[in-house]
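In what follows, a structure is listed as structure tokens, so that the remarks can point back to it.
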Amino acid sequence: MVDGEPPLIAVTGKESVPRESVPHSHLPGQLLGLFSGLLTVRTGTGNWTIPTTHAVWIPSSVTHAARSHGPFAGWAVYVAPQSCVNLPPAPCAIRVSGLLRETVLRAAQWQVAPLSPARARVVQVLLDEVAAAPLDSLGLVLPREPRLLRIASALIAEPADARTLDAWASWANLAPRTLSRRFAVETGMSLTAWRQRVRLLRALELLAGGLPVTTVAFDLGYDNVSAFIALFRRTFGTTPGRYFAPGPAAI
């Protein structure tokens, strides 16, 4: 892809077991998204844990690594450096529109070859959708200290786990004050706020899969639906029921 032909390559795939890639880089820019599951992408400037509603853009030559949390089905678009000019210059998370998802699916069916005029138009639509997609602060920083990471991984695996800070500290063989202080330093969030973010990210995945709001709230450990909806609205600016509602048609 160094010579820019084809300008991009799209692929899809799925794994029945968790998968992790070591830090690496490549000349093509890369857009990573999901059909199902949850994926964490790490770069030198930030980490993002994305559900099916989002994707992470990684510019050309930026070192990155990815890890799935359980089975997943996903997609990736590799963009030749010459075609990255109008795309975000730094790693970021974006909302995935229906049009972007459909153009990725179309391009993933192609053999690697010079593009016909019709396919070139699809590619341009795909690139335009990435360039115009709203950036999203959605993210979840993972701690690096092994004991803190053990707690974080357990919460990702079971977001409804309601253990207190003292209980988590005992489980990980840490003093409660040490856990509280170091978790905030390494993630930028308190353990309580971090757990709320984990639950919200999982809620997005479950809601995208069509589960009712009430089911999602109770499955994630909320005492009542109203509390879940209030937190969701404060974080995302809208209710769970409206988050996935189709917006007005663009002209």
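Ordering of the structure tokens sets the chain letters (A, B, ...); residue numbers start at 1 within each chain; ligands are numbered from 1 in the order shown.
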
Open item on the list: Considering only helix (DSSP H, G or I) as DSSP defines it on the backbone, what residues of region 134-170 of chain A qualify? List them as a ChimeraX atom specification.
Closed with: /A:146-157,165-170

With the cut-off set at 10 Å and counting only C-alpha atoms, tabulate each residue of region 151-235 of chain A with an atom at most that distance from an atom of region 68-84 of chain A, showing the nearest atom pair and its distance in Å to one decimal, ordered by chain and increasing number, as a Markdown table.
```
| residue | atom | partner | partner_atom | distance |
| --- | --- | --- | --- | --- |
| A:Ser153 | CA | A:His69 | CA | 8.8 |
| A:Ile156 | CA | A:His69 | CA | 7.6 |
| A:Ala157 | CA | A:His69 | CA | 7.4 |
```

TODO: Can you work out which one of A:Leu179, A:Leu142, A:Ala160, A:Leu165 has the shortest atom-to-atom distance to Val216 (chain A), counting only C-alpha atoms?
DONE: A:Ala160

Open item on the list: DSSP on the backbone, strand (DSSP E) only: what residues of region 75-178 of chain A does that give? Format it as number ranges by chain.
Closed with: A: 75-79, 92-95, 135-136

TODO: Considering only C-alpha atoms, state which residue in the set A:Leu155, A:Thr164, A:Leu31, A:Ile50 is at the smallest distance from Glu129 (chain A).
DONE: A:Leu31

TODO: Would you list the contacts of Ala107 (chain A) as an MDAnalysis selection string, taking every protein, DNA or RNA residue within 9 Å and counting only C-alpha atoms, but skipping same-chain residues closer than 5 positions in sequence?
DONE: chainID A and resid 8:11 77 102 119 122:123

With all heavy atoms retained, write the just-selected residues as a tab-separated table (two decimals), in the first residue's frame.
```tsv
chain	number	residue	atom	x	y	z
A	8	LEU	N	-7.07	1.79	0.25
A	8	LEU	CA	-7.39	1.15	1.52
A	8	LEU	C	-7.74	-0.32	1.31
A	8	LEU	O	-8.11	-0.73	0.22
A	8	LEU	CB	-8.52	1.89	2.26
A	8	LEU	CG	-9.92	1.95	1.63
A	8	LEU	CD1	-10.72	0.65	1.82
A	8	LEU	CD2	-10.70	3.10	2.25
A	9	ILE	N	-7.61	-1.09	2.39
A	9	ILE	CA	-7.99	-2.49	2.41
A	9	ILE	C	-8.84	-2.71	3.66
A	9	ILE	O	-8.44	-2.32	4.77
A	9	ILE	CB	-6.77	-3.41	2.45
A	9	ILE	CG1	-5.94	-3.27	1.17
A	9	ILE	CG2	-7.18	-4.86	2.64
A	9	ILE	CD1	-4.59	-3.99	1.22
A	10	ALA	N	-10.01	-3.31	3.51
A	10	ALA	CA	-10.89	-3.61	4.64
A	10	ALA	C	-10.97	-5.11	4.85
A	10	ALA	O	-11.03	-5.88	3.89
A	10	ALA	CB	-12.29	-3.02	4.40
A	11	VAL	N	-10.98	-5.52	6.13
A	11	VAL	CA	-11.07	-6.94	6.46
A	11	VAL	C	-12.04	-7.11	7.62
A	11	VAL	O	-12.25	-6.20	8.42
A	11	VAL	CB	-9.69	-7.54	6.83
A	11	VAL	CG1	-8.75	-7.50	5.65
A	11	VAL	CG2	-9.09	-6.80	8.02
A	77	VAL	N	-9.86	-1.40	8.86
A	77	VAL	CA	-9.60	-0.75	7.58
A	77	VAL	C	-8.18	-0.20	7.62
A	77	VAL	O	-7.83	0.57	8.53
A	77	VAL	CB	-10.59	0.40	7.33
A	77	VAL	CG1	-10.25	1.10	6.01
A	77	VAL	CG2	-12.02	-0.12	7.30
A	102	GLU	N	-21.53	0.20	6.69
A	102	GLU	CA	-21.91	-0.46	5.44
A	102	GLU	C	-20.82	-0.37	4.38
A	102	GLU	O	-20.60	-1.31	3.61
A	102	GLU	CB	-23.22	0.14	4.92
A	102	GLU	CG	-24.44	-0.21	5.76
A	102	GLU	CD	-24.64	-1.71	5.91
A	102	GLU	OE1	-24.50	-2.43	4.90
A	102	GLU	OE2	-24.91	-2.16	7.03
A	119	ARG	N	-15.92	1.47	-7.27
A	119	ARG	CA	-15.32	1.16	-5.98
A	119	ARG	C	-14.55	2.36	-5.44
A	119	ARG	O	-14.51	2.58	-4.22
A	119	ARG	CB	-14.40	-0.06	-6.11
A	119	ARG	CG	-15.18	-1.35	-6.32
A	119	ARG	CD	-14.29	-2.57	-6.39
A	119	ARG	NE	-15.08	-3.79	-6.47
A	119	ARG	CZ	-14.57	-5.01	-6.53
A	119	ARG	NH1	-13.25	-5.18	-6.54
A	119	ARG	NH2	-15.37	-6.07	-6.61
A	122	VAL	N	-16.94	4.41	-3.50
A	122	VAL	CA	-17.23	3.83	-2.19
A	122	VAL	C	-16.09	4.15	-1.21
A	122	VAL	O	-16.33	4.52	-0.05
A	122	VAL	CB	-17.44	2.31	-2.30
A	122	VAL	CG1	-17.56	1.69	-0.90
A	122	VAL	CG2	-18.68	1.99	-3.12
A	123	VAL	N	-14.86	4.02	-1.68
A	123	VAL	CA	-13.70	4.33	-0.84
A	123	VAL	C	-13.73	5.78	-0.39
A	123	VAL	O	-13.47	6.08	0.78
A	123	VAL	CB	-12.40	4.03	-1.61
A	123	VAL	CG1	-11.20	4.70	-0.92
A	123	VAL	CG2	-12.17	2.53	-1.70
```
